[in-house]
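my_file.cif (mmCIF, C-alpha atoms) appears below.
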data_structure
loop_
_atom_site.label_atom_id
_atom_site.label_comp_id
_atom_site.auth_asym_id
_atom_site.auth_seq_id
_atom_site.Cartn_x
_atom_site.Cartn_y
_atom_site.Cartn_z
CA MET A 30 51.32 -1.38 -1.32
CA ILE A 31 52.38 2.13 -2.20
CA THR A 32 54.17 4.98 -0.47
CA ILE A 33 52.98 8.45 0.40
CA GLU A 34 54.86 9.94 -2.59
CA THR A 35 53.09 7.74 -5.14
CA LEU A 36 49.79 8.32 -3.40
CA THR A 37 49.45 12.02 -4.15
CA HIS A 38 49.73 11.18 -7.87
CA THR A 39 47.27 8.29 -7.65
CA VAL A 40 44.50 10.13 -5.82
CA SER A 41 43.69 13.43 -7.49
CA GLY A 42 42.61 16.26 -5.20
CA LEU A 43 44.60 14.89 -2.27
CA ASN A 44 47.17 17.05 -0.53
CA LEU A 45 49.67 15.94 2.09
CA ASP A 46 48.31 18.12 4.91
CA ASP A 47 44.85 16.58 4.53
CA LEU A 48 46.38 13.14 4.42
CA ARG A 49 48.44 13.61 7.59
CA ARG A 50 45.40 14.94 9.44
CA TRP A 51 43.20 12.07 8.28
CA ILE A 52 45.82 9.56 9.40
CA ASP A 53 45.93 11.35 12.79
CA TYR A 54 42.13 11.01 13.00
CA SER A 55 42.45 7.30 12.05
CA TRP A 56 40.15 7.84 9.06
CA VAL A 57 42.85 6.09 7.05
CA ARG A 58 45.09 3.50 8.67
CA PRO A 59 48.20 2.74 6.60
CA ASP A 60 50.87 0.34 7.80
CA GLY A 61 54.19 1.62 9.12
CA GLN A 62 55.35 4.75 10.88
CA PRO A 63 55.22 8.47 10.08
CA GLY A 64 57.71 8.98 7.26
CA HIS A 65 57.49 5.34 6.20
CA TYR A 66 53.79 4.74 5.61
CA ARG A 67 52.70 1.98 3.28
CA PHE A 68 49.19 2.07 1.85
CA HIS A 69 47.14 -0.99 0.91
CA ASP A 70 44.75 -0.91 -2.06
CA ILE A 71 41.81 -0.48 0.30
CA ASP A 72 43.50 2.55 1.93
CA VAL A 73 43.92 4.15 -1.51
CA ALA A 74 40.29 3.47 -2.46
CA ARG A 75 39.15 4.84 0.90
CA LEU A 76 41.17 8.03 0.41
CA ARG A 77 39.63 8.44 -3.04
CA LEU A 78 36.19 8.03 -1.45
CA ILE A 79 36.93 10.57 1.30
CA VAL A 80 38.13 13.13 -1.27
CA GLU A 81 35.01 12.45 -3.36
CA LEU A 82 32.71 12.83 -0.36
CA ARG A 83 34.33 16.13 0.53
CA ASP A 84 34.90 17.69 -2.90
CA ASP A 85 32.10 16.27 -5.06
CA LEU A 86 29.36 15.63 -2.54
CA GLY A 87 30.07 18.59 -0.24
CA VAL A 88 30.30 16.57 2.99
CA ASP A 89 32.33 18.82 5.26
CA GLU A 90 35.04 17.46 7.52
CA ALA A 91 32.96 17.85 10.67
CA ALA A 92 30.38 15.40 9.28
CA LEU A 93 32.87 12.97 7.75
CA PRO A 94 33.56 10.87 10.87
CA VAL A 95 29.84 10.17 11.20
CA VAL A 96 29.62 9.15 7.55
CA LEU A 97 32.73 6.95 7.77
CA SER A 98 31.62 5.30 10.98
CA LEU A 99 28.22 4.44 9.52
CA LEU A 100 29.88 3.17 6.34
CA ASP A 101 32.28 0.99 8.34
CA GLN A 102 29.34 -0.49 10.21
CA LEU A 103 27.43 -1.02 6.97
CA TYR A 104 30.36 -2.85 5.39
CA GLU A 105 30.99 -4.93 8.47
CA THR A 106 27.36 -6.05 8.41
CA ARG A 107 27.65 -6.81 4.70
CA ARG A 108 30.80 -8.86 5.27
CA HIS A 109 28.92 -10.84 7.92
CA MET A 110 26.04 -11.37 5.54
CA ILE A 111 28.31 -12.48 2.71
CA ARG A 112 30.04 -14.92 5.03
CA LEU A 113 26.76 -16.20 6.33
CA ARG A 114 25.60 -16.81 2.75
CA ALA A 115 28.77 -18.75 2.03
CA VAL A 116 28.27 -20.89 5.12
CA ILE A 117 24.63 -21.59 4.23
CA GLU A 118 25.67 -22.51 0.70
CA THR A 119 28.28 -25.02 1.83
CA VAL A 120 26.94 -26.40 5.12
CA VAL A 121 23.15 -26.31 5.05
CA PRO A 122 21.45 -29.28 3.28
CA GLU A 123 19.35 -28.49 0.23
CA ASP A 124 15.93 -29.15 1.81
CA VAL A 125 16.67 -26.82 4.71
CA ARG A 126 17.95 -24.19 2.27
CA GLY A 127 14.61 -24.45 0.49
CA ARG A 128 12.77 -23.83 3.75
CA ILE A 129 14.98 -20.85 4.57
CA LEU A 130 14.26 -19.40 1.14
CA ASP A 131 10.49 -19.94 1.60
CA ASP A 132 10.53 -18.27 4.99
CA LEU A 133 12.62 -15.34 3.76
CA GLY A 134 10.12 -14.79 0.93
CA ASP A 135 7.19 -14.90 3.33
CA SER A 136 6.47 -11.30 4.26
CA SER A 137 4.24 -12.31 7.17
CA ARG A 138 7.39 -13.47 8.98
CA SER A 139 9.30 -10.22 8.66
CA PRO A 140 9.69 -8.19 11.84
CA GLN A 141 6.58 -6.16 12.61
CA GLU A 142 6.57 -2.69 14.03
CA MET B 9 19.26 4.15 -28.57
CA PRO B 10 16.84 6.75 -27.21
CA ALA B 11 18.42 10.15 -26.78
CA THR B 12 18.62 10.98 -23.07
CA ASP B 13 18.02 14.52 -21.95
CA LEU B 14 20.90 15.30 -19.63
CA TYR B 15 18.93 18.12 -18.00
CA ALA B 16 16.19 15.63 -17.12
CA THR B 17 18.79 13.24 -15.72
CA LEU B 18 19.89 15.91 -13.25
CA GLY B 19 16.31 17.19 -12.85
CA VAL B 20 17.10 20.82 -13.73
CA PRO B 21 15.55 23.19 -16.32
CA ARG B 22 17.53 23.97 -19.49
CA ASP B 23 18.26 27.50 -18.28
CA ALA B 24 19.56 26.37 -14.88
CA SER B 25 22.60 28.24 -13.58
CA ALA B 26 25.94 26.48 -13.13
CA GLU B 27 25.41 26.69 -9.37
CA ASP B 28 21.96 25.01 -9.63
CA ILE B 29 23.45 22.23 -11.74
CA ARG B 30 26.23 21.68 -9.22
CA LYS B 31 23.72 21.57 -6.36
CA ALA B 32 21.47 19.14 -8.23
CA TYR B 33 24.46 16.89 -8.96
CA ARG B 34 25.58 16.94 -5.33
CA GLY B 35 22.12 16.08 -4.09
CA LEU B 36 21.69 13.17 -6.50
CA ALA B 37 25.24 11.91 -6.00
CA LYS B 38 24.75 11.82 -2.23
CA GLN B 39 21.68 9.71 -2.77
CA HIS B 40 23.07 7.31 -5.34
CA HIS B 41 26.82 7.08 -4.76
CA PRO B 42 27.58 3.36 -5.16
CA ASP B 43 29.95 3.21 -2.19
CA LEU B 44 27.12 4.54 -0.02
CA ASN B 45 24.70 2.00 -1.58
CA PRO B 46 26.69 -1.22 -1.84
CA GLY B 47 24.86 -4.07 -3.57
CA ASN B 48 22.27 -1.73 -5.11
CA LYS B 49 22.59 -2.09 -8.89
CA THR B 50 19.94 0.56 -9.61
CA ALA B 51 21.85 3.15 -7.61
CA GLU B 52 25.05 2.23 -9.42
CA GLU B 53 23.48 2.66 -12.89
CA ARG B 54 21.76 5.85 -11.84
CA PHE B 55 25.03 7.25 -10.45
CA LYS B 56 26.83 6.52 -13.72
CA ALA B 57 24.14 8.42 -15.64
CA ILE B 58 24.26 11.35 -13.19
CA ALA B 59 28.06 11.49 -13.29
CA SER B 60 28.26 11.51 -17.09
CA ALA B 61 25.47 14.12 -17.30
CA TYR B 62 27.43 16.30 -14.87
CA ASP B 63 30.63 15.78 -16.86
CA ILE B 64 28.95 17.63 -19.72
CA LEU B 65 26.57 20.06 -17.98
CA GLY B 66 29.06 20.93 -15.25
CA ASP B 67 31.56 22.15 -17.84
CA THR B 68 30.58 25.46 -19.49
CA ASP B 69 32.28 24.63 -22.77
CA LYS B 70 30.88 21.11 -23.09
CA ARG B 71 27.45 22.33 -21.98
CA GLY B 72 27.43 24.90 -24.81
CA ARG B 73 28.33 22.25 -27.36
CA TYR B 74 25.62 19.96 -26.00
CA ASP B 75 23.03 22.76 -26.16
CA ARG B 76 24.00 23.50 -29.79
CA GLY B 77 23.66 19.81 -30.61
CA GLU B 78 27.36 19.38 -31.38
CA ILE B 79 27.68 16.53 -28.92
CA ASP B 80 24.95 14.28 -27.56
CA ALA B 81 24.49 12.43 -24.31
CA ALA B 82 26.35 9.45 -25.70
CA GLY B 83 29.32 11.70 -26.42
CA ALA B 84 30.02 11.99 -22.76
CA GLU B 85 33.39 10.49 -22.01
CA ALA B 86 33.07 7.57 -19.72
CA ARG B 87 34.70 8.32 -16.40
CA PRO B 88 37.87 6.31 -15.93
CA GLU B 89 36.93 3.31 -13.83
CA GLN B 90 38.79 3.47 -10.53
CA PRO B 91 38.73 0.47 -8.22
CA SER B 92 35.72 1.12 -5.99
CA TYR B 93 35.90 1.25 -2.22
CA ARG B 94 33.01 -1.20 -1.85
CA GLY B 95 34.99 -3.79 -3.85
CA TYR B 96 37.58 -3.88 -1.06
CA ALA B 97 35.38 -3.15 1.91
CA GLU B 98 33.15 -6.16 1.28
CA GLY B 99 36.10 -8.53 1.04
CA ALA B 100 38.75 -9.61 3.49
CA PRO B 101 40.69 -6.27 3.37
CA GLY B 102 37.56 -4.60 4.78
CA ALA B 103 38.48 -5.96 8.21
CA ARG B 104 41.13 -3.18 8.37
CA TYR B 105 38.32 -0.74 9.03
CA ARG B 106 36.07 -2.78 11.26
CA GLN B 107 34.48 -1.01 14.18
CA SER B 108 33.82 -3.70 16.76
CA ALA B 109 35.43 -3.40 20.17
CA GLY B 110 39.03 -4.48 20.37
CA ALA B 111 39.55 -4.05 16.66
CA GLY B 112 43.13 -4.10 15.52
CA PRO B 113 44.72 -4.28 12.11
CA ASP B 114 46.22 -7.70 12.74
CA MET B 115 43.01 -9.36 13.83
CA SER B 116 40.75 -11.54 11.77
CA GLU B 117 37.07 -10.76 11.35
CA ALA B 118 34.89 -11.06 14.46
CA ASP B 119 33.76 -14.53 15.26
CA LEU B 120 30.46 -14.53 13.46
CA GLY B 121 29.53 -17.49 15.62
CA ASP B 122 29.06 -15.01 18.48
CA LEU B 123 26.09 -13.55 16.63
CA PHE B 124 24.38 -16.92 16.58
CA GLU B 125 25.52 -18.10 19.96
CA ASP B 126 22.19 -17.28 21.63
CA LEU B 127 20.16 -18.64 18.78
CA PHE B 128 21.82 -22.01 18.63
CA ALA B 129 22.96 -22.39 22.23
CA GLY B 130 20.02 -24.63 23.19
CA THR B 131 20.28 -26.75 20.09
CA ARG B 132 23.95 -27.29 20.52
CA GLU B 133 23.69 -28.36 24.16
CA GLN B 134 21.02 -30.89 23.33
CA ARG B 135 22.29 -32.24 20.10
CA SER B 136 25.99 -32.09 20.09
CA ASN B 137 28.94 -32.40 22.32
CA THR B 138 31.31 -31.18 19.65
CA PRO B 139 34.36 -29.58 21.25
CA ARG B 140 34.21 -25.85 20.74
CA ARG B 141 36.94 -23.28 21.12
CA GLY B 142 36.30 -20.56 23.72
CA ARG B 143 35.84 -16.95 22.66
CA ASP B 144 38.65 -14.44 22.30
CA ALA B 145 38.62 -11.72 24.93
CA GLY B 146 39.67 -8.14 24.05
CA TYR B 147 41.51 -5.88 26.51
CA MET B 148 43.32 -2.56 26.48
CA LEU B 149 46.55 -1.93 28.36
CA THR B 150 48.23 1.46 28.73
CA ILE B 151 51.97 1.40 29.38
CA ASP B 152 54.69 4.00 29.90
CA PHE B 153 56.94 5.14 27.07
CA LEU B 154 60.02 3.69 28.79
CA ASP B 155 58.38 0.27 29.32
CA ALA B 156 57.64 0.16 25.60
CA VAL B 157 61.31 0.90 24.84
CA THR B 158 62.98 -1.46 27.30
CA GLY B 159 60.26 -4.11 27.56
CA ALA B 160 58.49 -4.96 30.83
CA THR B 161 56.05 -7.30 32.48
CA LYS B 162 52.71 -5.69 33.33
CA ARG B 163 49.78 -7.09 35.24
CA LEU B 164 46.42 -6.71 33.56
CA ALA B 165 43.43 -6.73 35.91
CA LEU B 166 40.68 -8.92 34.47
CA PRO B 167 36.97 -8.25 35.03
CA ASP B 168 36.66 -11.43 37.14
CA GLY B 169 39.20 -10.02 39.63
CA LYS B 170 42.08 -12.20 38.46
CA GLY B 171 45.26 -10.80 37.00
CA LEU B 172 47.11 -11.67 33.82
CA ASP B 173 50.86 -11.10 33.47
CA VAL B 174 51.66 -9.59 30.09
CA ARG B 175 55.27 -9.69 28.88
CA ILE B 176 55.71 -6.54 26.80
CA PRO B 177 58.50 -7.04 24.26
CA PRO B 178 60.93 -4.12 23.80
CA GLY B 179 59.95 -1.90 20.87
CA ILE B 180 56.20 -2.51 20.94
CA GLU B 181 54.30 0.14 18.97
CA ASP B 182 51.33 2.21 20.07
CA GLY B 183 48.09 0.53 18.95
CA GLN B 184 49.69 -2.87 18.43
CA THR B 185 47.65 -5.88 19.55
CA MET B 186 49.24 -8.73 21.48
CA ARG B 187 47.70 -12.19 21.39
CA LEU B 188 48.06 -14.39 24.48
CA LYS B 189 47.19 -17.92 23.43
CA GLY B 190 44.64 -19.70 25.61
CA GLN B 191 43.98 -16.73 27.93
CA GLY B 192 40.46 -15.98 26.64
CA SER B 193 37.20 -17.70 27.58
CA PRO B 194 37.42 -21.44 28.31
CA GLY B 195 36.40 -23.86 25.57
CA ARG B 196 33.43 -26.19 25.84
CA HIS B 197 33.28 -29.97 25.60
CA GLY B 198 37.03 -30.21 25.72
CA GLY B 199 37.64 -27.49 23.12
CA PRO B 200 40.64 -25.20 23.52
CA ALA B 201 40.33 -21.85 25.32
CA GLY B 202 40.14 -18.66 23.25
CA ASP B 203 42.94 -16.09 23.16
CA ALA B 204 43.33 -12.80 25.01
CA LEU B 205 43.83 -9.91 22.57
CA ILE B 206 45.47 -6.96 24.24
CA GLU B 207 45.62 -3.61 22.51
CA ILE B 208 48.62 -1.65 23.76
CA HIS B 209 48.56 2.12 24.24
CA ILE B 210 51.74 4.02 25.02
CA THR B 211 51.72 7.29 26.96
CA PRO B 212 54.11 9.88 25.51
CA HIS B 213 57.30 10.78 27.38
CA ARG B 214 58.18 14.22 28.72
CA PHE B 215 61.26 14.56 26.49
CA PHE B 216 61.94 11.30 24.65
CA ARG B 217 60.39 10.58 21.26
CA ARG B 218 60.34 7.27 19.35
CA GLU B 219 60.97 6.75 15.66
CA GLY B 220 60.86 3.04 14.99
CA ARG B 221 63.64 1.52 17.07
CA ASP B 222 65.44 4.83 17.66
CA VAL B 223 64.86 7.28 20.50
CA HIS B 224 65.24 11.02 19.99
CA VAL B 225 65.84 13.68 22.59
CA GLU B 226 66.48 17.42 22.42
CA LEU B 227 69.25 18.18 24.92
CA PRO B 228 69.85 21.67 26.32
CA ILE B 229 73.53 22.59 26.72
CA SER B 230 75.12 25.76 28.07
CA LEU B 231 77.00 28.28 25.96
CA SER B 232 80.37 27.23 27.37
CA GLU B 233 79.62 23.52 26.84
CA ALA B 234 78.72 24.34 23.24
CA VAL B 235 81.82 26.42 22.51
CA LEU B 236 84.42 24.64 24.60
CA GLY B 237 83.00 21.10 24.40
CA GLY B 238 83.36 18.56 27.19
CA LYS B 239 81.78 15.56 28.87
CA ILE B 240 78.13 15.88 29.86
CA MET B 241 75.50 13.53 31.30
CA VAL B 242 72.69 12.53 28.93
CA PRO B 243 69.43 10.78 29.93
CA THR B 244 68.73 7.52 28.08
CA PRO B 245 65.83 5.09 28.53
CA THR B 246 68.04 2.89 30.76
CA GLY B 247 69.58 5.72 32.80
CA PRO B 248 72.04 8.60 32.30
CA VAL B 249 75.30 8.05 30.39
CA THR B 250 78.32 10.27 29.70
CA MET B 251 78.71 11.79 26.26
CA THR B 252 81.42 14.01 24.82
CA VAL B 253 80.27 17.23 23.16
CA PRO B 254 82.86 18.26 20.55
CA PRO B 255 84.13 21.86 20.89
CA ARG B 256 82.21 24.47 18.82
CA SER B 257 78.99 22.47 18.65
CA ASP B 258 75.90 24.41 17.65
CA THR B 259 72.15 24.17 18.23
CA GLY B 260 70.75 21.44 15.97
CA ALA B 261 73.91 19.32 15.97
CA LYS B 262 72.93 15.64 16.18
CA LEU B 263 74.97 13.11 18.16
CA ARG B 264 74.37 9.40 18.27
CA LEU B 265 74.52 7.09 21.27
CA ARG B 266 74.79 3.67 19.71
CA GLY B 267 72.55 0.96 21.16
CA ARG B 268 70.75 3.30 23.56
CA GLY B 269 67.36 3.12 21.78
CA VAL B 270 64.94 0.18 21.83
CA ALA B 271 66.67 -2.85 23.39
CA ALA B 272 67.77 -5.69 21.09
CA HIS B 273 64.99 -8.26 20.83
CA GLY B 274 64.05 -11.27 18.71
CA GLY B 275 66.98 -10.99 16.31
CA GLN B 276 66.52 -7.23 15.88
CA PRO B 277 69.57 -5.19 16.89
CA ALA B 278 69.17 -2.44 19.46
CA GLY B 279 68.13 1.01 18.20
CA ASP B 280 70.15 4.18 18.83
CA GLU B 281 69.49 7.35 20.78
CA PHE B 282 69.84 10.55 18.78
CA VAL B 283 70.67 13.66 20.77
CA THR B 284 69.91 17.02 19.18
CA LEU B 285 71.79 19.81 20.91
CA LYS B 286 70.08 23.06 21.84
CA VAL B 287 72.22 25.88 23.15
CA VAL B 288 70.61 27.63 26.11
CA LEU B 289 72.04 30.97 27.20
CA GLY B 290 71.08 30.81 30.88
CA ASN B 291 72.12 33.74 33.08
CA ALA B 292 74.03 36.23 30.94
CA ASP B 293 76.06 38.53 33.18
CA GLU B 294 78.06 41.71 32.75
CA ALA B 295 81.30 39.87 32.07
CA LEU B 296 79.69 38.16 29.07
CA GLU B 297 78.29 41.47 27.81
CA THR B 298 81.67 43.12 28.10
CA PHE B 299 83.31 40.25 26.29
CA LEU B 300 80.76 40.23 23.46
CA ARG B 301 81.09 44.00 22.90
CA GLY B 302 84.78 43.56 22.38
CA TRP B 303 84.44 40.36 20.26
CA SER B 304 84.80 41.24 16.59
CA GLY B 305 83.76 37.74 15.34
CA GLY B 306 80.29 38.28 16.81
CA HIS B 307 79.54 41.26 14.57
CA SER B 308 80.51 39.81 11.20
CA PHE B 309 78.19 36.79 11.38
CA ASP B 310 74.56 37.14 10.22
CA PRO B 311 72.60 33.92 10.91
CA ARG B 312 69.59 35.27 8.96
CA ARG B 313 71.37 35.97 5.71
CA SER B 314 69.87 33.03 3.81
CA MET B 315 66.35 34.16 4.80
CA MET B 316 66.82 37.63 3.30
CA GLU B 317 68.27 36.53 -0.03
CA GLY B 318 65.87 36.79 -2.93
CA SER B 319 62.90 37.71 -0.76
#
I'd like the structure from this file rewritten - as structure tokens, please.
Amino acid sequence: MITIETLTHTVSGLNLDDLRRWIDYSWVRPDGQPGHYRFHDIDVARLRLIVELRDDLGVDEAALPVVLSLLDQLYETRRHMIRLRAVIETVVPEDVRGRILDDLGDSSRSPQE
Amino acid sequence: MPATDLYATLGVPRDASAEDIRKAYRGLAKQHHPDLNPGNKTAEERFKAIASAYDILGDTDKRGRYDRGEIDAAGAEARPEQPSYRGYAEGAPGARYRQSAGAGPDMSEADLGDLFEDLFAGTREQRSNTPRRGRDAGYMLTIDFLDAVTGATKRLALPDGKGLDVRIPPGIEDGQTMRLKGQGSPGRHGGPAGDALIEIHITPHRFFRREGRDVHVELPISLSEAVLGGKIMVPTPTGPVTMTVPPRSDTGAKLRLRGRGVAAHGGQPAGDEFVTLKVVLGNADEALETFLRGWSGGHSFDPRRSMMEGS
């Protein structure tokens, strides 16, 4: 976990005004209180991503909440999927796993429009 | 290794302007950024190629050297590998940014079982009587600033018309989630009930402010109280107390009322109240004017001196 002072050196292109605003908007959610924030690794990586989206990809701040919200939903779904895979791997017997695999590979069973 | 044409990688002609190159890079990066395409290896490889092409073509000097054949595509410096967002977001830390209702930083990932509840409900009823824990229920509760400082018991109205008494501990923070064991949905087949998760919101106070366990207040005092000092009444979260203002106090002077912040709780000592004085002139009358005209000390002091120096 790192402090706000270290952060501005770790994430290039980040200034403190942006950071305070983004914390106000809950785009980044460090632990602790104003003046004593502590950032987890994921917070740092997220800040780096936000700066990249804004500076390199030209996503302006008005569009950022939409992008972040969709990303958060995407990653939540992926975490579910990863967990589901783990459960199938450990709990489901081999023959049933084989049937799941067959069905997943069978395009006629995919949702139709 | 086949020589890659960096212009082809970005899909621009060799005489493209710097602006065109930047636009092409932005467009491709939006499409292939690996954090926007988690789990897609092709996008990741493509993004690496685009990024290193832009490292050369996006830099006038490097682009010139590339055009003159002094450096080739392989000469592009690899970008320093930073830990990617997707690496964290797909793992357990990702739950910090989950979106589902009732999300809080202290909560574990949503019960994935909920997703399959409908699917397996029939099967489970027929085939198994395994005890199953009830679901957690998420609620929001808004409390007053002072209740958060002193602690309080609040009644939360539940959707089924019942009420739930919530003991708010002194010093609770805005956005914090409280877990009430066994107050969620009932369990099945003898399983334990789920928990109630209550997200606390605190409404701001008219003049008090919180910083951790301390309470801050800006306190207006009159000119004579400031100059002559004296005992004054000060509001605190538990009611007014008397405080002595030392003679010749100025705006901005900070006084401490020990133990008048967040109440002591769970081994944590009580916080303090910090009072910042603010001199308020009030009704200036002729007597004051007359006095000030004749007061030599008032003319020799320039409070703005430090602002004028070196500007």
Apply the PyMOL selection byres ((chain B) within 10 of (chain A)) to the structure shown and report the selected residues as a VMD selection string.
chain B and resid 30 to 31 33 to 39 41 43 to 47 90 to 108 113 117 to 121 123 181 219 to 220
Could you give me the axis-aligned bounding box of stretch 238-252 of chain B, with 4 Å of padding per side, as centre plus edge lengths in Å to one decimal, as AutoDock Vina command-line options?
--center_x 74.6 --center_y 10.7 --center_z 28.8 --size_x 25.5 --size_y 23.7 --size_z 16.0
For the provided coordinates, the residues matched by the PyMOL selection byres ((chain B and resi 188-197) around 7) should be stated as a ChimeraX atom specification.
/B:137-145,186-187,198-205
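The gap separating atom CA of B:Gly146 from atom CA of B:His273 is 25.5 Å, in Å to one decimal.
Closest approach to B:Gly183 from the set B:Asp280, B:Asp168, B:Asp222, B:Glu207 is made by B:Glu207, with distances taken over all atoms listed in the file.
Within 12 Å of B:Val249, once all atoms listed in the file are used and residues closer than 3 positions along the same chain are dropped, the contacting residues are B:Lys239, B:Ile240, B:Met241, B:Val242, B:Pro243, B:Thr244, B:Pro245, B:Thr246, B:Thr252, B:Leu265, B:Arg266, B:Gly267, B:Arg268, B:Glu281.
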For this structure, which residues satisfy the selection - the PyMOL selection byres ((chain B and resi 216) around 12) - when it is evaluated on the file as given? I want them as a PyMOL selection string.
chain B and resi 152-154+156-157+211-215+217-219+222-227+242-245+268-270+281-284
Contacts of B:Gly19 at 10 Å (all atoms listed in the file; same-chain gap of 5+ positions) as a PyMOL selection string
chain B and resi 13-14+24+29+32-33+36+58
Could you write out the selected residues, including C-alpha atoms, as a tab-separated table (two decimals), in the frame of the given file?
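Written output follows (selection-v1.tsv):
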chain	number	residue	atom	x	y	z
B	13	ASP	CA	18.02	14.52	-21.95
B	14	LEU	CA	20.90	15.30	-19.63
B	24	ALA	CA	19.56	26.37	-14.88
B	29	ILE	CA	23.45	22.23	-11.74
B	32	ALA	CA	21.47	19.14	-8.23
B	33	TYR	CA	24.46	16.89	-8.96
B	36	LEU	CA	21.69	13.17	-6.50
B	58	ILE	CA	24.26	11.35	-13.19
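Of the listed residues (B:Asp63, B:Asp80, B:Asp155, B:Glu52), B:Asp155 comes nearest to B:Pro178; the distances count only C-alpha atoms.
Going from atom CA of B:Leu231 to atom CA of B:Thr250 covers 18.4 Å.
Atom CA of B:Tyr147 sits 27.0 Å away from atom CA of A:Phe68.
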